[in-house]
Amino acid sequence: MIDQLIASMLGTLAFVILFNAPRKEYFFSSANGALGWLAYLLFMEWGAGVVIASLGATVILTIMARILSALRRCPVTIFLVTGIFTLVPGAGIYYTAYFLLMNDLVSSTAKGIETFKVAGAIVLGIVFGFAVPQSWFNRLGRKEKHVGK
Amino acid sequence: MEGNQKVLKLAVSVGETLLLSGGEIYRVQETVERILEAYGMEDYHVFVVSNGIFATVDEEGESRGSMVRNVPLGSVHLGRIAAVNQLSREICSHSCTVEEAYQRLQDCQKLPEPGMLAKTLAAGMGCAAFGYIFGGQFVECLLSFVLGMLLQIFLMQAGRIKMSKFMVNILGSAAVTVVSFALSALGMKFMQDKVVIGSIVLLVPGVLLTTGIRELFNGDYLSGSIHLADALMTAACIAVGVGAAVKLVQLFGGAGL
C-alpha cells in the first residue's frame, strides 16, 4: 500500500511539473493525487468494483481539492486536474484498442464499455464533489486568514 | 472614454491570459467582469467561450468600447492561472492602478517554465510511477521511464513545429507501442501492456475531461462540449495509434504476440 501511495504521488507530481503548477503547491497537489488513488484502492479492497471505486475516489479527490483551494487560496483547478490523472482510464483506452485489433471482440467490447463507465463515474464524481456549497469551503479560507494574521 | 478603453483592454487581456493557460470559463468570465466593476464600469457585457472573449462597455446608454479576442486552445499553465488569480484579487481590493495592473499582467505572462530537461525527467518519472501503479515491476518501470522521456521529447518537438494535435497523439501512442513490441520481440521479458499504459499516460486527456465536465455542469454548454469533444478525439487518437501499431507489428510477424 505504501509503495502504491508513493508511486501515485510521484506520478501526480510529474503532471504538476509538466503543467507548471506554482512551486509552493507541488506537495499539496501531489498529495491530493495520492489521496485519490488511496481512496480508489480502499474502495476496491472493500469490493466496490472499478466504477463505484472511481466514483467514490473522484468525489473525495474533488472535495479535497476544494478544501485545499480554500486553505491555500489558490484556484481549485491546480489541485483537481493534476490529481485526476491516476483515475482517468488510460489503460482502458489501450486495452480496448488492443483487443479490437486482435479481433478479440468480446474483450474489446467489455473493456470499451468499462472505460466509458469509468469516464461516466468520474463525471458524476466531479459533479457530486462540486455540489457541496461553496460557502462551507469559504469558512475554511477565512479561518486560515485569521490564523495567518 | 480613453480610460474606459484602457480598463476594457486590461480586463480582456487578463481574461485572455487565463483562458490561454487553461482556466475554466466561469473563472474567466467572473474575472473580466470583476475587473471591469473594480474600475467603476457599471454597464458591461462579457461573453466567454473556450476559444474567444467578447466584451462591450456602455455608459449612459452609449457604447464606450468593445473588444473581441480570438484565443486558440493553448497549453496548460497552472502557475499562470494562480498568478493571474492573485492579481485579479488585488485589483478587486483596489490596491493597484490600471497601469500597475497591466505591468503585473505582463510579469504573469512571462512566468518561467521548468526547463526542457526538467520536463523530460518529470515525464519519465511520471510514466515509471504510473507503470508501477498499474501493476508493473522494476523492468516495466525502467522501460516506462525511458519511453516516457522519449515521448516527452517527441511532444516538445512536435509542439515546436506545430504538428496537428491528432497526428501528435496518433504518432506518439503508435511509437510507444511499436518500441515496446520491438523490445519484447528482441527477447526482453516484460509485461508489454504495463509499459505502454505507463507511457501513454502523458497523452491521456485528463485536463480536458475535467474542465469539460465542470463547464457543462456550470451551464457553459458550448465550451463544455468543445472541451469534451476534444477529450474524446484525443482518446480516439490514442486508440487509433495503439491499434495501428499492433496491426503493423502483426503484419510484420512480431514475435511478442
# chains A, B, ... in the order shown; residues from 1 in each chain; ligands from 1
call {"tool": "select_by_dssp", "arguments": {"residues": "chain A", "states": "alpha helix (DSSP H)", "output": "number ranges by chain"}}
result
A: 2-18, 26-45, 50-72, 77-83, 90-101, 105-131, 134-148
call {"tool": "interface_residues", "arguments": {"of": "chain A", "to": "chain B", "cutoff": "9 Å", "atoms": "only C-alpha atoms", "output": "PyMOL selection string"}}
result
chain A and resi 3-23+73-75+77-78+80-82+84-102+119+122-124+126-127+130
call {"tool": "closest_residue", "arguments": {"among": "A:Ala48, A:Leu35, A:Val106, A:Val76", "to": "Leu61 of chain A", "atoms": "only C-alpha atoms"}}
result
A:Leu35
call {"tool": "atom_distance", "arguments": {"atom1": "atom CA of Ser29 of chain A", "atom2": "atom CA of Lys111 of chain A"}}
result
29.9 Å
call {"tool": "select_by_dssp", "arguments": {"residues": "segment 23-243 of chain B", "states": "strand (DSSP E or B)", "output": "list in words"}}
result
Asp43, Tyr44, His45, Val46, Phe47, Val48, Val49, Gly52, Ile53, Phe54, Ala55, Thr56, Val57, Asp58, Glu59, Glu62, Ser63, Arg64, Gly65, Ser66, Met67, Val68, Arg69 and Asn70 of chain B
call {"tool": "closest_residue", "arguments": {"among": "B:Val49, B:Leu228, B:Leu186, B:Val98", "to": "Lys6 of chain B", "atoms": "only C-alpha atoms"}}
result
B:Val98
call {"tool": "atom_distance", "arguments": {"atom1": "atom CA of Phe54 of chain B", "atom2": "atom CA of Val68 of chain B"}}
result
4.5 Å
call {"tool": "residues_around", "arguments": {"residues": "Asn70 of chain B", "least_positions_apart": "3", "cutoff": "10 Å", "atoms": "only C-alpha atoms", "output": "count of residues only"}}
result
8
call {"tool": "closest_residue", "arguments": {"among": "B:Val176, B:Ala55, B:Cys96, B:Val46", "to": "Leu150 of chain B", "atoms": "only C-alpha atoms"}}
result
B:Val176
call {"tool": "atom_distance", "arguments": {"atom1": "atom CA of Val57 of chain B", "atom2": "atom CA of Asp107 of chain B"}}
result
26.3 Å
call {"tool": "residues_around", "arguments": {"residues": "Ala39 of chain A", "least_positions_apart": "2", "cutoff": "12 Å", "atoms": "only C-alpha atoms", "output": "PyMOL selection string"}}
result
chain A and resi 1+4-5+8+32-37+41-46+48+50+52-62+64+86-87
call {"tool": "write_last_selection", "arguments": {"atoms": "C-alpha atoms", "output": "tab-separated table (two decimals), in the first residue's frame"}}
result
chain	number	residue	atom	x	y	z
A	1	MET	CA	0.00	0.00	0.00
A	4	GLN	CA	1.38	2.43	-4.27
A	5	LEU	CA	0.94	5.70	-2.40
A	8	SER	CA	0.82	7.71	-7.20
A	32	ASN	CA	-4.15	15.10	-3.37
A	33	GLY	CA	-3.41	12.75	-6.27
A	34	ALA	CA	-2.15	10.15	-3.81
A	35	LEU	CA	-5.29	10.60	-1.69
A	36	GLY	CA	-7.47	9.94	-4.73
A	37	TRP	CA	-5.56	6.77	-5.54
A	41	LEU	CA	-7.59	1.24	-3.67
A	42	LEU	CA	-9.58	1.16	-0.42
A	43	PHE	CA	-12.87	1.08	-2.33
A	44	MET	CA	-11.51	-1.74	-4.50
A	45	GLU	CA	-10.40	-3.70	-1.44
A	46	TRP	CA	-13.83	-3.22	0.01
A	48	ALA	CA	-16.79	-1.94	-4.70
A	50	VAL	CA	-14.00	-0.36	-10.71
A	52	ILE	CA	-18.03	2.70	-7.93
A	53	ALA	CA	-14.41	2.94	-6.77
A	54	SER	CA	-13.70	5.55	-9.45
A	55	LEU	CA	-16.84	7.44	-8.46
A	56	GLY	CA	-16.02	7.45	-4.75
A	57	ALA	CA	-12.39	8.32	-5.29
A	58	THR	CA	-13.30	11.21	-7.61
A	59	VAL	CA	-15.76	12.63	-5.07
A	60	ILE	CA	-13.13	12.51	-2.33
A	61	LEU	CA	-10.47	13.96	-4.64
A	62	THR	CA	-12.76	16.81	-5.73
A	64	MET	CA	-10.20	17.64	-1.02
A	86	THR	CA	-4.46	8.45	-11.51
A	87	LEU	CA	-8.17	7.76	-12.07
call {"tool": "closest_residue", "arguments": {"among": "B:Thr31, B:Asn4, B:Phe154, B:Lys189", "to": "Glu59 of chain B", "atoms": "only C-alpha atoms"}}
result
B:Asn4
